[in-house]
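Student: start.cif is reproduced below (mmCIF, C-alpha atoms and all ligand atoms).
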data_run
loop_
_atom_site.label_atom_id
_atom_site.label_comp_id
_atom_site.auth_asym_id
_atom_site.auth_seq_id
_atom_site.Cartn_x
_atom_site.Cartn_y
_atom_site.Cartn_z
CA MET A 206 269.28 -41.21 184.76
CA LYS A 207 265.65 -40.43 185.65
CA ARG A 208 264.19 -41.90 188.81
CA LEU A 209 260.75 -43.16 189.81
CA GLY A 210 259.57 -42.67 193.38
CA VAL A 211 256.41 -44.54 194.32
CA ASN A 212 254.13 -43.03 196.94
CA ILE A 213 252.63 -45.87 199.01
CA ASP A 214 250.36 -43.81 201.31
CA HIS A 215 247.26 -45.41 199.83
CA ILE A 216 248.39 -48.87 200.85
CA ALA A 217 248.05 -47.54 204.39
CA THR A 218 244.70 -45.94 203.51
CA ILE A 219 243.35 -49.38 202.52
CA ARG A 220 244.82 -51.02 205.62
CA ASN A 221 243.35 -48.33 207.88
CA ALA A 222 239.88 -48.78 206.37
CA ARG A 223 239.75 -52.11 208.23
CA GLY A 224 241.71 -50.99 211.27
CA GLU A 225 243.76 -54.18 210.97
CA PHE A 226 247.16 -55.07 209.48
CA HIS A 227 246.64 -55.83 205.81
CA PRO A 228 247.87 -54.59 203.33
CA ASP A 229 251.07 -53.72 205.16
CA PRO A 230 252.95 -50.60 203.95
CA VAL A 231 256.29 -52.06 205.08
CA THR A 232 255.77 -55.11 202.85
CA ALA A 233 254.63 -52.74 200.09
CA ALA A 234 257.83 -50.69 200.40
CA LYS A 235 260.00 -53.81 199.99
CA PHE A 236 257.86 -55.06 197.10
CA VAL A 237 257.89 -51.75 195.22
CA LYS A 238 261.69 -51.66 195.46
CA LYS A 239 261.95 -55.27 194.26
CA VAL A 240 259.91 -54.53 191.15
CA GLY A 241 262.09 -51.59 190.12
CA ALA A 242 261.17 -48.31 191.84
CA ASP A 243 264.15 -46.13 192.74
CA SER A 244 262.66 -44.83 195.99
CA ILE A 245 259.46 -44.85 197.96
CA THR A 246 257.60 -41.82 199.25
CA ILE A 247 255.52 -41.71 202.41
CA HIS A 248 253.68 -38.70 203.77
CA LEU A 249 253.51 -38.68 207.55
CA ARG A 250 250.62 -36.28 207.94
CA GLU A 251 249.97 -34.39 211.16
CA ASP A 252 246.59 -36.16 211.46
CA ARG A 253 248.22 -39.56 210.64
CA ARG A 254 245.37 -40.32 208.24
CA HIS A 255 247.36 -42.96 206.32
CA ILE A 256 251.01 -43.68 207.21
CA LYS A 257 251.57 -43.97 210.98
CA ASP A 258 254.77 -43.32 212.94
CA ILE A 259 255.43 -47.03 213.37
CA ASP A 260 255.17 -47.57 209.57
CA ALA A 261 257.56 -44.70 208.89
CA LYS A 262 260.04 -45.99 211.50
CA LYS A 263 260.02 -49.54 210.14
CA ILE A 264 260.28 -48.38 206.52
CA CYS A 265 263.25 -46.12 207.31
CA LEU A 266 265.01 -49.08 208.95
CA LEU A 267 264.80 -51.22 205.79
CA LYS A 268 268.22 -51.76 204.24
CA GLY A 269 268.93 -50.74 200.64
CA LEU A 270 265.72 -48.73 200.25
CA LEU A 271 265.72 -44.99 199.59
CA VAL A 272 262.93 -43.31 201.54
CA ASN A 273 261.51 -39.90 200.74
CA LEU A 274 259.49 -38.64 203.72
CA GLU A 275 257.00 -35.85 203.10
CA ILE A 276 256.26 -33.70 206.11
CA SER A 277 254.83 -30.30 206.96
CA THR A 278 256.83 -27.41 208.43
CA ASN A 279 255.56 -28.22 211.94
CA LEU A 280 258.61 -28.43 214.22
CA LYS A 281 257.34 -31.60 215.89
CA MET A 282 257.26 -33.23 212.45
CA ILE A 283 260.81 -32.09 211.71
CA LYS A 284 261.99 -33.60 215.02
CA THR A 285 260.22 -36.86 214.15
CA ALA A 286 261.88 -36.91 210.72
CA ILE A 287 265.33 -36.39 212.21
CA LYS A 288 264.71 -39.22 214.68
CA ILE A 289 263.61 -41.74 212.07
CA LYS A 290 266.27 -40.69 209.52
CA PRO A 291 264.79 -41.00 206.02
CA ASN A 292 267.24 -40.47 203.15
CA PHE A 293 265.22 -37.57 201.79
CA VAL A 294 262.68 -35.11 203.19
CA CYS A 295 260.23 -33.19 201.04
CA ILE A 296 258.60 -30.29 202.89
CA VAL A 297 254.97 -29.85 201.90
CA PRO A 298 252.21 -27.47 202.98
CA GLU A 299 249.53 -29.17 205.01
CA ASN A 300 245.96 -28.23 205.66
CA ARG A 301 243.83 -30.53 207.81
CA LYS A 302 240.70 -30.25 205.63
CA GLU A 303 242.35 -31.00 202.27
CA ILE A 304 241.90 -34.40 200.63
CA THR A 305 245.43 -34.26 199.24
CA THR A 306 248.23 -31.65 199.07
CA GLU A 307 246.50 -28.87 197.18
CA GLY A 308 249.31 -26.48 196.30
CA GLY A 309 252.95 -25.68 196.81
CA LEU A 310 254.57 -24.05 199.85
CA ASP A 311 254.32 -20.31 200.44
CA LEU A 312 258.09 -19.76 200.38
CA LYS A 313 257.92 -16.01 200.92
CA LYS A 314 255.80 -16.24 204.05
CA ASN A 315 257.75 -19.17 205.52
CA LYS A 316 261.25 -18.18 204.42
CA ASN A 317 262.88 -17.97 207.88
CA ARG A 318 261.24 -21.13 209.16
CA LEU A 319 262.18 -23.04 205.99
CA LYS A 320 265.78 -21.85 206.15
CA LYS A 321 266.08 -23.23 209.71
CA ILE A 322 264.43 -26.52 208.73
CA ILE A 323 266.70 -26.98 205.69
CA ASN A 324 269.81 -26.29 207.79
CA ARG A 325 268.72 -28.80 210.44
CA LEU A 326 267.96 -31.51 207.89
CA LYS A 327 271.23 -30.94 206.04
CA LYS A 328 273.18 -31.16 209.30
CA ASN A 329 271.61 -34.58 209.71
CA ASN A 330 272.65 -35.66 206.19
CA ILE A 331 269.09 -35.67 204.89
CA ARG A 332 268.53 -34.51 201.29
CA THR A 333 266.06 -31.62 201.26
CA SER A 334 263.29 -30.86 198.82
CA LEU A 335 260.58 -28.16 198.74
CA PHE A 336 257.19 -28.83 197.15
CA ILE A 337 256.47 -25.68 195.18
CA ASN A 338 254.19 -24.26 192.53
CA PRO A 339 255.74 -23.58 189.11
CA SER A 340 256.72 -19.96 189.76
CA LEU A 341 260.05 -18.36 188.81
CA GLU A 342 259.93 -16.30 192.01
CA ASP A 343 259.73 -19.54 194.02
CA ILE A 344 262.74 -20.92 192.14
CA ARG A 345 264.74 -17.81 193.10
CA LEU A 346 263.62 -18.18 196.72
CA SER A 347 264.51 -21.91 196.63
CA LYS A 348 268.03 -20.93 195.60
CA GLU A 349 268.27 -18.48 198.52
CA LEU A 350 267.05 -21.23 200.83
CA GLU A 351 269.80 -23.54 199.54
CA THR A 352 267.56 -26.56 199.21
CA ASP A 353 269.08 -29.58 197.44
CA CYS A 354 265.96 -30.21 195.36
CA ILE A 355 262.55 -28.84 194.51
CA GLU A 356 259.47 -30.83 193.60
CA ILE A 357 257.20 -28.97 191.22
CA HIS A 358 253.48 -29.41 191.89
CA THR A 359 252.09 -30.85 188.65
CA GLY A 360 248.48 -31.05 189.85
CA ARG A 361 247.23 -28.15 187.73
CA LEU A 362 248.91 -29.49 184.59
CA ALA A 363 247.48 -32.95 185.24
CA ASN A 364 243.96 -31.57 185.73
CA LEU A 365 244.14 -29.56 182.50
CA ILE A 366 245.35 -32.59 180.51
CA LYS A 367 242.77 -34.94 182.06
CA SER A 368 239.92 -32.52 181.38
CA LYS A 369 241.15 -32.04 177.78
CA LYS A 370 241.78 -28.30 178.28
CA LYS A 371 244.71 -26.27 176.90
CA PHE A 372 247.79 -27.08 178.90
CA THR A 373 250.71 -25.62 176.90
CA HIS A 374 250.96 -22.49 179.08
CA GLU A 375 251.17 -24.55 182.29
CA LEU A 376 253.68 -26.94 180.71
CA SER A 377 255.80 -24.01 179.56
CA LYS A 378 255.73 -22.54 183.11
CA ILE A 379 256.94 -25.87 184.53
CA SER A 380 259.60 -26.08 181.84
CA LYS A 381 260.95 -22.55 182.47
CA CYS A 382 261.03 -23.14 186.23
CA SER A 383 262.77 -26.50 185.82
CA ILE A 384 265.43 -25.03 183.53
CA LEU A 385 266.11 -22.11 185.91
CA ALA A 386 266.31 -24.44 188.93
CA GLU A 387 268.75 -26.72 187.14
CA LYS A 388 270.83 -23.66 186.19
CA TYR A 389 270.97 -22.77 189.90
CA GLY A 390 272.18 -26.31 190.70
CA ILE A 391 268.89 -27.42 192.28
CA GLU A 392 267.73 -30.93 191.36
CA VAL A 393 264.23 -30.90 189.84
CA HIS A 394 261.48 -33.37 190.74
CA ALA A 395 257.83 -33.48 189.69
CA GLY A 396 254.77 -34.87 191.36
CA HIS A 397 251.04 -34.81 191.91
CA GLY A 398 248.20 -36.12 189.81
CA LEU A 399 250.47 -37.91 187.35
CA ASP A 400 249.28 -40.81 185.20
CA TYR A 401 250.75 -42.38 182.04
CA LYS A 402 249.64 -39.58 179.73
CA THR A 403 250.70 -36.66 181.93
CA THR A 404 254.06 -38.29 182.67
CA ARG A 405 254.71 -38.81 178.93
CA ILE A 406 253.99 -35.12 178.33
CA LEU A 407 256.16 -33.97 181.27
CA LYS A 408 259.01 -36.16 180.16
CA LYS A 409 259.67 -33.64 177.38
CA ILE A 410 261.22 -31.50 180.12
CA LYS A 411 264.61 -33.16 180.14
CA VAL A 412 265.92 -31.59 183.36
CA ILE A 413 263.30 -33.31 185.56
CA LYS A 414 265.25 -36.02 187.39
CA GLU A 415 262.65 -37.63 189.63
CA TYR A 416 258.92 -38.34 189.40
CA ASN A 417 256.94 -39.07 192.55
CA ILE A 418 253.69 -40.83 191.77
CA GLY A 419 251.12 -42.41 194.07
CA HIS A 420 247.38 -42.38 193.55
CA PHE A 421 247.36 -43.52 189.92
CA ILE A 422 249.89 -46.30 190.53
CA ILE A 423 247.93 -47.78 193.44
CA GLY A 424 244.57 -47.35 191.65
CA GLU A 425 245.76 -48.84 188.36
CA SER A 426 247.37 -51.74 190.23
CA ILE A 427 243.90 -52.93 191.24
CA PHE A 428 243.45 -53.91 187.60
CA TYR A 429 246.96 -54.73 186.38
CA GLY A 430 249.10 -55.33 189.47
CA LEU A 431 251.90 -53.24 190.95
CA PRO A 432 254.80 -54.88 189.02
CA LYS A 433 253.17 -54.19 185.64
CA VAL A 434 252.17 -50.60 186.44
CA ILE A 435 255.59 -49.75 187.89
CA LYS A 436 257.31 -51.29 184.86
CA ASN A 437 255.10 -49.21 182.55
CA PHE A 438 256.16 -46.03 184.36
CA ILE A 439 259.82 -47.03 184.25
CA LYS A 440 259.51 -47.45 180.48
CA ILE A 441 257.96 -43.98 180.15
CA ILE A 442 260.43 -42.22 182.42
CA LYS A 443 263.79 -43.83 181.53
N1 LIG B 501 254.47 -35.44 195.63
C1 LIG B 501 253.96 -34.80 196.71
C2 LIG B 501 254.81 -33.76 197.37
C3 LIG B 501 252.70 -35.13 197.23
O1 LIG B 501 252.21 -34.49 198.31
C4 LIG B 501 251.96 -36.17 196.60
C5 LIG B 501 250.62 -36.57 197.17
O2 LIG B 501 250.78 -37.09 198.42
C6 LIG B 501 252.53 -36.81 195.50
C7 LIG B 501 253.78 -36.41 195.02
C8 LIG B 501 251.84 -37.92 194.78
O3 LIG B 501 250.69 -37.44 194.18
P1 LIG B 501 249.65 -38.46 193.53
O4 LIG B 501 249.21 -39.35 194.63
O5 LIG B 501 248.59 -37.58 193.00
O6 LIG B 501 250.40 -39.22 192.48
#
For the file at hand, write its structure as structure tokens.
Ligand code: PXP

Tutor:
Amino acid sequence: MKRLGVNIDHIATIRNARGEFHPDPVTAAKFVKKVGADSITIHLREDRRHIKDIDAKKICLLKGLLVNLEISTNLKMIKTAIKIKPNFVCIVPENRKEITTEGGLDLKKNKNRLKKIINRLKKNNIRTSLFINPSLEDIRLSKELETDCIEIHTGRLANLIKSKKKFTHELSKISKCSILAEKYGIEVHAGHGLDYKTTRILKKIKVIKEYNIGHFIIGESIFYGLPKVIKNFIKIIK
């Protein structure tokens, strides 16, 4: 069964624009679950530009909701994650100046640090995922790191499709990486820049088990509402 994870960071972005309390990401997390998402994703950034610690804490305390927390490799962030106990952690690279996560992790450079982080998270019964670029070398390194899952950065594919450029080479790279990861027993997820069209195209890669989608869902919901948009994605994915 394929799963849909909804990233609700931008609910917090809208709330923060006013510096008040509405719309509340905790309410959003409950709502998104009620209308059919399998999990929610929140990215607790080092600069706390959208989701704040208190949001993450409250969301992780909700019963019956699977929470995927994205965090950087900063040890303070890992400690925070272990304290608030999400079900899943996805380790992402983080750069203060970026608007959004621009690429996958540099697994080679951060191998030792990542190994320690994965061990610590696993000891705390947290499912681990690494956000990586579609590279076979990174799949081999992911196997050595013994991560439970990988999330393949689909941003480049999404940009090519949206700008009507040739995308078959990028899609084939993602496909080959997904198949190798699955062969190694690593669960494959996909995320970044996905909309209806890009998700339909990606769905051809059968071994992708989870899609994590944020910006398009929140943006499209302005016109059609969250329940409708989430239901449309469920129809595409499942
Ligand atoms: N997956 C990861 C690891 C991300 O960092 C993001 C962006 O925060 C997403 C998925 C969702 O990307 P988008 O908002 O473009 O759908």

Student: Residues at most 10 Å from ligand LIG 501 (chain B), using all atoms listed in the file? Could they come as a VMD selection string?

Tutor: chain A and resid 210 to 215 246 to 250 273 to 277 294 to 299 304 to 309 334 to 337 355 to 360 363 394 to 400 416 to 424

Student: For Ile216 of chain A, which residue out of A:Val231, A:Ile344, A:Leu271, A:Ile366 is the nearest one, using only C-alpha atoms?

Tutor: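 Selected residue with least distance to Ile216 of chain A: A:Val231.
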
Student: Show which residues sit within 10 Å of Ser383 of chain A, as a compact mmCIF listing (two decimals) with C-alpha atoms, in the coordinates of the input. Count all atoms listed in the file, and ignore same-chain residues fewer than 3 positions away.

Tutor:
# COMPACT_ATOMS: atom_id res chain seq x y z
CA PRO A 339 255.74 -23.58 189.11
CA SER A 340 256.72 -19.96 189.76
CA LEU A 341 260.05 -18.36 188.81
CA ILE A 344 262.74 -20.92 192.14
CA ILE A 355 262.55 -28.84 194.51
CA GLU A 356 259.47 -30.83 193.60
CA ILE A 357 257.20 -28.97 191.22
CA SER A 377 255.80 -24.01 179.56
CA LYS A 378 255.73 -22.54 183.11
CA ILE A 379 256.94 -25.87 184.53
CA SER A 380 259.60 -26.08 181.84
CA ALA A 386 266.31 -24.44 188.93
CA GLU A 387 268.75 -26.72 187.14
CA LYS A 388 270.83 -23.66 186.19
CA TYR A 389 270.97 -22.77 189.90
CA ILE A 391 268.89 -27.42 192.28
CA GLU A 392 267.73 -30.93 191.36
CA VAL A 393 264.23 -30.90 189.84
CA HIS A 394 261.48 -33.37 190.74
CA ALA A 395 257.83 -33.48 189.69
CA ILE A 410 261.22 -31.50 180.12
CA LYS A 411 264.61 -33.16 180.14
CA VAL A 412 265.92 -31.59 183.36
CA ILE A 413 263.30 -33.31 185.56
CA LYS A 414 265.25 -36.02 187.39

Student: Could you give me, as CSV, a per-residue list for segment 227-322 of chain A showing, wherever an atom lies at most 12 Å from an atom of segment 427-434 of chain A, the closest pair of atoms and their distance in Å to one decimal, using only C-alpha atoms and sorting by chain then residue number from low to high?

Tutor:
residue,atom,partner,partner_atom,distance
A:Ala233,CA,A:Leu431,CA,9.6
A:Ala234,CA,A:Leu431,CA,11.4
A:Phe236,CA,A:Pro432,CA,8.6
A:Val237,CA,A:Leu431,CA,7.5
A:Lys238,CA,A:Pro432,CA,10.0
A:Lys239,CA,A:Pro432,CA,8.9
A:Val240,CA,A:Pro432,CA,5.5
A:Gly241,CA,A:Pro432,CA,8.1
A:Ala242,CA,A:Pro432,CA,9.6

Student: Dump C-alpha atoms for the selected residues as a PDB file, in the frame of the given file?

Tutor:
ATOM      1  CA  ALA A 233     254.630 -52.740 200.090  1.00  0.00           C
ATOM      2  CA  ALA A 234     257.830 -50.690 200.400  1.00  0.00           C
ATOM      3  CA  PHE A 236     257.860 -55.060 197.100  1.00  0.00           C
ATOM      4  CA  VAL A 237     257.890 -51.750 195.220  1.00  0.00           C
ATOM      5  CA  LYS A 238     261.690 -51.660 195.460  1.00  0.00           C
ATOM      6  CA  LYS A 239     261.950 -55.270 194.260  1.00  0.00           C
ATOM      7  CA  VAL A 240     259.910 -54.530 191.150  1.00  0.00           C
ATOM      8  CA  GLY A 241     262.090 -51.590 190.120  1.00  0.00           C
ATOM      9  CA  ALA A 242     261.170 -48.310 191.840  1.00  0.00           C
TER      10      ALA A 242
END

Student: Report, in Å with one decimal, the straight-line distance from atom CA of Ala261 of chain A to atom CA of Lys207 of chain A.

Tutor: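 Straight-line distance from atom CA of Ala261 of chain A to atom CA of Lys207 of chain A works out to 25.0 Å.
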
Student: Can you measure atom CA of Leu267 of chain A to atom CA of Lys281 of chain A for me? One decimal in Å is fine.

Tutor: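 Separation of atom CA of Leu267 of chain A and atom CA of Lys281 of chain A: 23.3 Å.
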
Student: How many Å separate atom CA of Glu351 of chain A from atom CA of Ile323 of chain A?

Tutor: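 Value for the atom CA of Glu351 of chain A-atom CA of Ile323 of chain A distance: 7.7 Å.
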
Student: Step by step, gather every atom of segment 311-318 of chain A that the file lists, find the box along x, y and z that holds them, add 4 Å on each side, and finally give centre and edge lengths in Å to one decimal, as AutoDock Vina command-line options.

Tutor:
--center_x 258.6 --center_y -18.6 --center_z 204.8 --size_x 16.6 --size_y 13.1 --size_z 16.8

Student: Given only C-alpha atoms as the basis, pick out the residue of A:Lys381, A:Arg253, A:Met206, A:Asn221 nearest to Glu342 of chain A.

Tutor: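 Answer, going by the shortest atom-to-atom distance: A:Lys381.
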
Student: Which polymer residues have any atom within 12 Å of an atom of Gly224 of chain A, counting all atoms listed in the file, with same-chain residues fewer than 6 positions away left out, as an MDAnalysis selection string?

Tutor: chainID A and resid 217:218 254:255

Student: When you look at Leu266 of chain A with a cut-off of 9 Å (counting all atoms listed in the file), what residues show up, excluding the ones that are within fewer than 5 positions of it in the same chain? I need them as a list in words.

Tutor: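 With the cut-off at 9 Å, the set is Ala261, Ile289, Lys290 and Pro291 of chain A.
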
Student: Rebuild all heavy atoms on segment 335-346 of chain A, as a compact mmCIF listing (two decimals), keeping the file's coordinate frame?

Tutor:
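What ended up in part_5.txt:
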# COMPACT_ATOMS: atom_id res chain seq x y z
N LEU A 335 261.73 -29.03 198.43
CA LEU A 335 260.58 -28.16 198.74
C LEU A 335 259.53 -28.39 197.67
O LEU A 335 259.84 -28.35 196.47
CB LEU A 335 261.01 -26.69 198.71
CG LEU A 335 262.09 -26.26 199.72
CD1 LEU A 335 262.51 -24.81 199.45
CD2 LEU A 335 261.58 -26.41 201.15
N PHE A 336 258.30 -28.63 198.10
CA PHE A 336 257.19 -28.83 197.15
C PHE A 336 256.62 -27.46 196.80
O PHE A 336 256.06 -26.78 197.67
CB PHE A 336 256.13 -29.71 197.84
CG PHE A 336 255.10 -30.25 196.90
CD1 PHE A 336 255.42 -30.78 195.67
CD2 PHE A 336 253.76 -30.28 197.28
CE1 PHE A 336 254.46 -31.31 194.82
CE2 PHE A 336 252.78 -30.82 196.46
CZ PHE A 336 253.14 -31.33 195.23
N ILE A 337 256.82 -27.06 195.55
CA ILE A 337 256.47 -25.68 195.18
C ILE A 337 255.61 -25.62 193.92
O ILE A 337 255.61 -26.55 193.10
CB ILE A 337 257.73 -24.80 194.97
CG1 ILE A 337 258.60 -25.36 193.83
CG2 ILE A 337 258.55 -24.69 196.24
CD1 ILE A 337 259.70 -24.41 193.38
N ASN A 338 254.93 -24.49 193.77
CA ASN A 338 254.19 -24.26 192.53
C ASN A 338 255.18 -23.83 191.44
O ASN A 338 256.26 -23.33 191.76
CB ASN A 338 253.16 -23.14 192.76
CG ASN A 338 252.10 -23.57 193.73
OD1 ASN A 338 251.59 -24.68 193.65
ND2 ASN A 338 251.78 -22.70 194.69
N PRO A 339 254.81 -24.01 190.17
CA PRO A 339 255.74 -23.58 189.11
C PRO A 339 255.78 -22.06 188.97
O PRO A 339 255.07 -21.48 188.16
CB PRO A 339 255.18 -24.26 187.85
CG PRO A 339 253.76 -24.55 188.15
CD PRO A 339 253.60 -24.65 189.64
N SER A 340 256.60 -21.42 189.80
CA SER A 340 256.72 -19.96 189.76
C SER A 340 258.20 -19.60 189.79
O SER A 340 258.95 -20.14 190.62
CB SER A 340 255.97 -19.34 190.96
OG SER A 340 256.80 -18.52 191.73
N LEU A 341 258.61 -18.71 188.89
CA LEU A 341 260.05 -18.36 188.81
C LEU A 341 260.51 -17.71 190.11
O LEU A 341 261.63 -17.91 190.56
CB LEU A 341 260.29 -17.42 187.62
CG LEU A 341 260.14 -18.10 186.25
CD1 LEU A 341 260.19 -17.08 185.12
CD2 LEU A 341 261.22 -19.17 186.04
N GLU A 342 259.60 -16.94 190.73
CA GLU A 342 259.93 -16.30 192.01
C GLU A 342 260.25 -17.37 193.07
O GLU A 342 261.20 -17.24 193.85
CB GLU A 342 258.72 -15.44 192.44
CG GLU A 342 258.86 -14.70 193.76
CD GLU A 342 260.08 -13.76 193.81
OE1 GLU A 342 260.60 -13.40 192.75
OE2 GLU A 342 260.51 -13.46 194.93
N ASP A 343 259.48 -18.46 193.06
CA ASP A 343 259.73 -19.54 194.02
C ASP A 343 261.04 -20.27 193.72
O ASP A 343 261.68 -20.80 194.63
CB ASP A 343 258.56 -20.52 194.07
CG ASP A 343 257.40 -19.97 194.88
OD1 ASP A 343 257.60 -18.92 195.55
OD2 ASP A 343 256.30 -20.55 194.86
N ILE A 344 261.45 -20.29 192.47
CA ILE A 344 262.74 -20.92 192.14
C ILE A 344 263.86 -20.05 192.70
O ILE A 344 264.82 -20.55 193.29
CB ILE A 344 262.90 -21.08 190.60
CG1 ILE A 344 261.77 -21.92 190.01
CG2 ILE A 344 264.28 -21.69 190.26
CD1 ILE A 344 261.69 -23.36 190.46
N ARG A 345 263.71 -18.73 192.56
CA ARG A 345 264.74 -17.81 193.10
C ARG A 345 264.80 -17.95 194.62
O ARG A 345 265.88 -18.03 195.21
CB ARG A 345 264.43 -16.37 192.71
CG ARG A 345 264.71 -16.14 191.24
CD ARG A 345 264.52 -14.70 190.78
NE ARG A 345 264.31 -14.72 189.34
CZ ARG A 345 263.15 -14.50 188.73
NH1 ARG A 345 262.07 -14.21 189.44
NH2 ARG A 345 263.05 -14.57 187.42
N LEU A 346 263.64 -18.02 195.25
CA LEU A 346 263.62 -18.18 196.72
C LEU A 346 264.22 -19.54 197.12
O LEU A 346 264.92 -19.64 198.13
CB LEU A 346 262.18 -18.05 197.25
CG LEU A 346 261.63 -16.62 197.27
CD1 LEU A 346 260.12 -16.62 197.46
CD2 LEU A 346 262.30 -15.82 198.39
